[in-house]
Each structure stands twice: as structure tokens, then as C-alpha cells.
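Engineer: Okay, handing you the structure first.
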Amino acid sequence: MKPVQLKMARAALGLGVRDLADMTGITANTISRIENGADAKQSTITAIRNALESAGIIFIDQNGNGPGVRLRDRQE
């Protein structure tokens with residue numbers, strides 16, 4: 001997960017940094033630092049990614065146009 005993907009995922013879900021912090025148990029300051037490109041423990045990145053995927057985010061790897069995210073189709 002790239003920093004820009006973290007920002008895009010939060011935006012797609014309408015989450016603020018504090019909202020994501022509440023979902024993951026990771027401090028808002030740590031999430032902000034990661035979004036700004038700081039290194040973090042792999043366990044921290046994994047926890048954030050898992051929470052976002054559980055909320056409906058699909059991470060898209062580099063595919064010629066750069067990494068991205070999309071929302072999983074909602075089942076009605």
C-alpha cells in the first residue's frame with residue numbers, strides 16, 4: 001500500500017484520519033505520517049490495509065497508470 005493509496009482509500013470511504021484511527025487502533029498521528037511518506041512497521045501497514053479492505057476497498061497495483069484503489073461492488 002502506497003501513501004497515496006491510503007489517502008485515496010480514506011477519501012473513497014469518506015473517512016477522516018481520526019475515523020480510521022478508531023477503526024484500527026492506530027494513532028491518527030501515525031496514519032498521517034504514513035500518508036506523508038514516513039516508514040512504518042509492516043504490522044501497522046497490514047492492520048490499516050485490512051481495515052480498509054474490510055470496509056470495501058480494493059487496492060490496485062501499478063498497472064501502467066500508477067497504483068490506485070476502488071470500491072468493491074456492493075451486494076444488495
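By order in the C-alpha cells, chains are A, B, ...; within a chain, residues start at 1; ligands start at 1, following the order shown.
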Mind listing the alpha helix (DSSP H) residues of chain A, per DSSP on the backbone, as a PDB file with C-alpha atoms, in the first residue's frame?

Structural biologist:
ATOM      1  CA  PRO A   3       0.799   6.535   0.860  1.00  0.00           C
ATOM      2  CA  VAL A   4      -1.333   7.905  -1.962  1.00  0.00           C
ATOM      3  CA  GLN A   5      -3.461   4.744  -1.903  1.00  0.00           C
ATOM      4  CA  LEU A   6      -4.107   5.254   1.795  1.00  0.00           C
ATOM      5  CA  LYS A   7      -5.315   8.798   1.135  1.00  0.00           C
ATOM      6  CA  MET A   8      -7.473   7.675  -1.798  1.00  0.00           C
ATOM      7  CA  ALA A   9      -8.991   4.844   0.221  1.00  0.00           C
ATOM      8  CA  ARG A  10      -9.930   7.143   3.083  1.00  0.00           C
ATOM      9  CA  ALA A  11     -11.474   9.611   0.634  1.00  0.00           C
ATOM     10  CA  ALA A  12     -13.449   6.884  -1.153  1.00  0.00           C
ATOM     11  CA  LEU A  13     -14.912   5.745   2.166  1.00  0.00           C
ATOM     12  CA  VAL A  17      -7.790  10.295   9.838  1.00  0.00           C
ATOM     13  CA  ARG A  18      -9.413  10.024  13.266  1.00  0.00           C
ATOM     14  CA  ASP A  19     -12.132   7.739  11.892  1.00  0.00           C
ATOM     15  CA  LEU A  20      -9.508   5.372  10.509  1.00  0.00           C
ATOM     16  CA  ALA A  21      -7.579   5.595  13.773  1.00  0.00           C
ATOM     17  CA  ASP A  22     -10.705   4.489  15.646  1.00  0.00           C
ATOM     18  CA  MET A  23     -11.210   1.578  13.220  1.00  0.00           C
ATOM     19  CA  THR A  24      -7.638   0.331  13.519  1.00  0.00           C
ATOM     20  CA  ALA A  28      -4.121   9.466  13.963  1.00  0.00           C
ATOM     21  CA  ASN A  29      -0.598  10.909  14.041  1.00  0.00           C
ATOM     22  CA  THR A  30       0.858   7.608  12.793  1.00  0.00           C
ATOM     23  CA  ILE A  31      -1.687   7.413   9.981  1.00  0.00           C
ATOM     24  CA  SER A  32      -0.890  10.998   8.959  1.00  0.00           C
ATOM     25  CA  ARG A  33       2.834  10.266   8.980  1.00  0.00           C
ATOM     26  CA  ILE A  34       2.323   7.207   6.771  1.00  0.00           C
ATOM     27  CA  GLU A  35       0.216   9.254   4.353  1.00  0.00           C
ATOM     28  CA  GLN A  42       4.746  -3.858   8.442  1.00  0.00           C
ATOM     29  CA  SER A  43       2.227  -4.886  11.108  1.00  0.00           C
ATOM     30  CA  THR A  44       0.884  -1.310  11.189  1.00  0.00           C
ATOM     31  CA  ILE A  45       0.533  -1.163   7.396  1.00  0.00           C
ATOM     32  CA  THR A  46      -1.149  -4.575   7.398  1.00  0.00           C
ATOM     33  CA  ALA A  47      -3.652  -3.515  10.083  1.00  0.00           C
ATOM     34  CA  ILE A  48      -4.585  -0.380   8.137  1.00  0.00           C
ATOM     35  CA  ARG A  49      -4.865  -2.250   4.846  1.00  0.00           C
ATOM     36  CA  ASN A  50      -7.012  -4.997   6.402  1.00  0.00           C
ATOM     37  CA  ALA A  51      -9.392  -2.442   7.928  1.00  0.00           C
ATOM     38  CA  LEU A  52      -9.763  -0.606   4.619  1.00  0.00           C
ATOM     39  CA  GLU A  53     -10.306  -3.836   2.684  1.00  0.00           C
ATOM     40  CA  SER A  54     -12.941  -4.912   5.225  1.00  0.00           C
TER      41      SER A  54
END

Engineer: Could you list, as a list in words, every residue within 12 Å of Gln62 in chain A, counting only C-alpha atoms and ignoring same-chain residues fewer than 6 positions away?

Structural biologist: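 Final neighbour list, sorted by chain and number: Met1, Lys2, Gln5, Gly68 and Val69 of chain A.
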
Engineer: Just to be explicit: take each residue in the selection above, keep N, CA and C atoms, and write the result as a short mmCIF file (atom, residue, chain, number, x, y, z; two decimals), in the first residue's frame.

Structural biologist:
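Listed below is the output, selection12.cif:
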data_model
loop_
_atom_site.label_atom_id
_atom_site.label_comp_id
_atom_site.auth_asym_id
_atom_site.auth_seq_id
_atom_site.Cartn_x
_atom_site.Cartn_y
_atom_site.Cartn_z
N MET A 1 0.84 -1.18 0.00
CA MET A 1 0.00 0.00 0.00
C MET A 1 0.89 1.23 0.00
N LYS A 2 0.71 2.06 -0.99
CA LYS A 2 1.44 3.32 -1.11
C LYS A 2 0.72 4.41 -0.31
N GLN A 5 -2.34 5.67 -1.95
CA GLN A 5 -3.46 4.74 -1.90
C GLN A 5 -4.20 4.85 -0.57
N GLY A 68 -3.61 2.46 -7.39
CA GLY A 68 -4.87 3.12 -7.08
C GLY A 68 -5.72 2.27 -6.16
N VAL A 69 -6.97 2.68 -6.01
CA VAL A 69 -7.96 1.95 -5.21
C VAL A 69 -9.30 2.05 -5.91
#

Engineer: How many Å separate CA of Ala55 in chain A from CA of Gly25 in chain A?

Structural biologist: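 These two atoms are separated by 15.1 Å.
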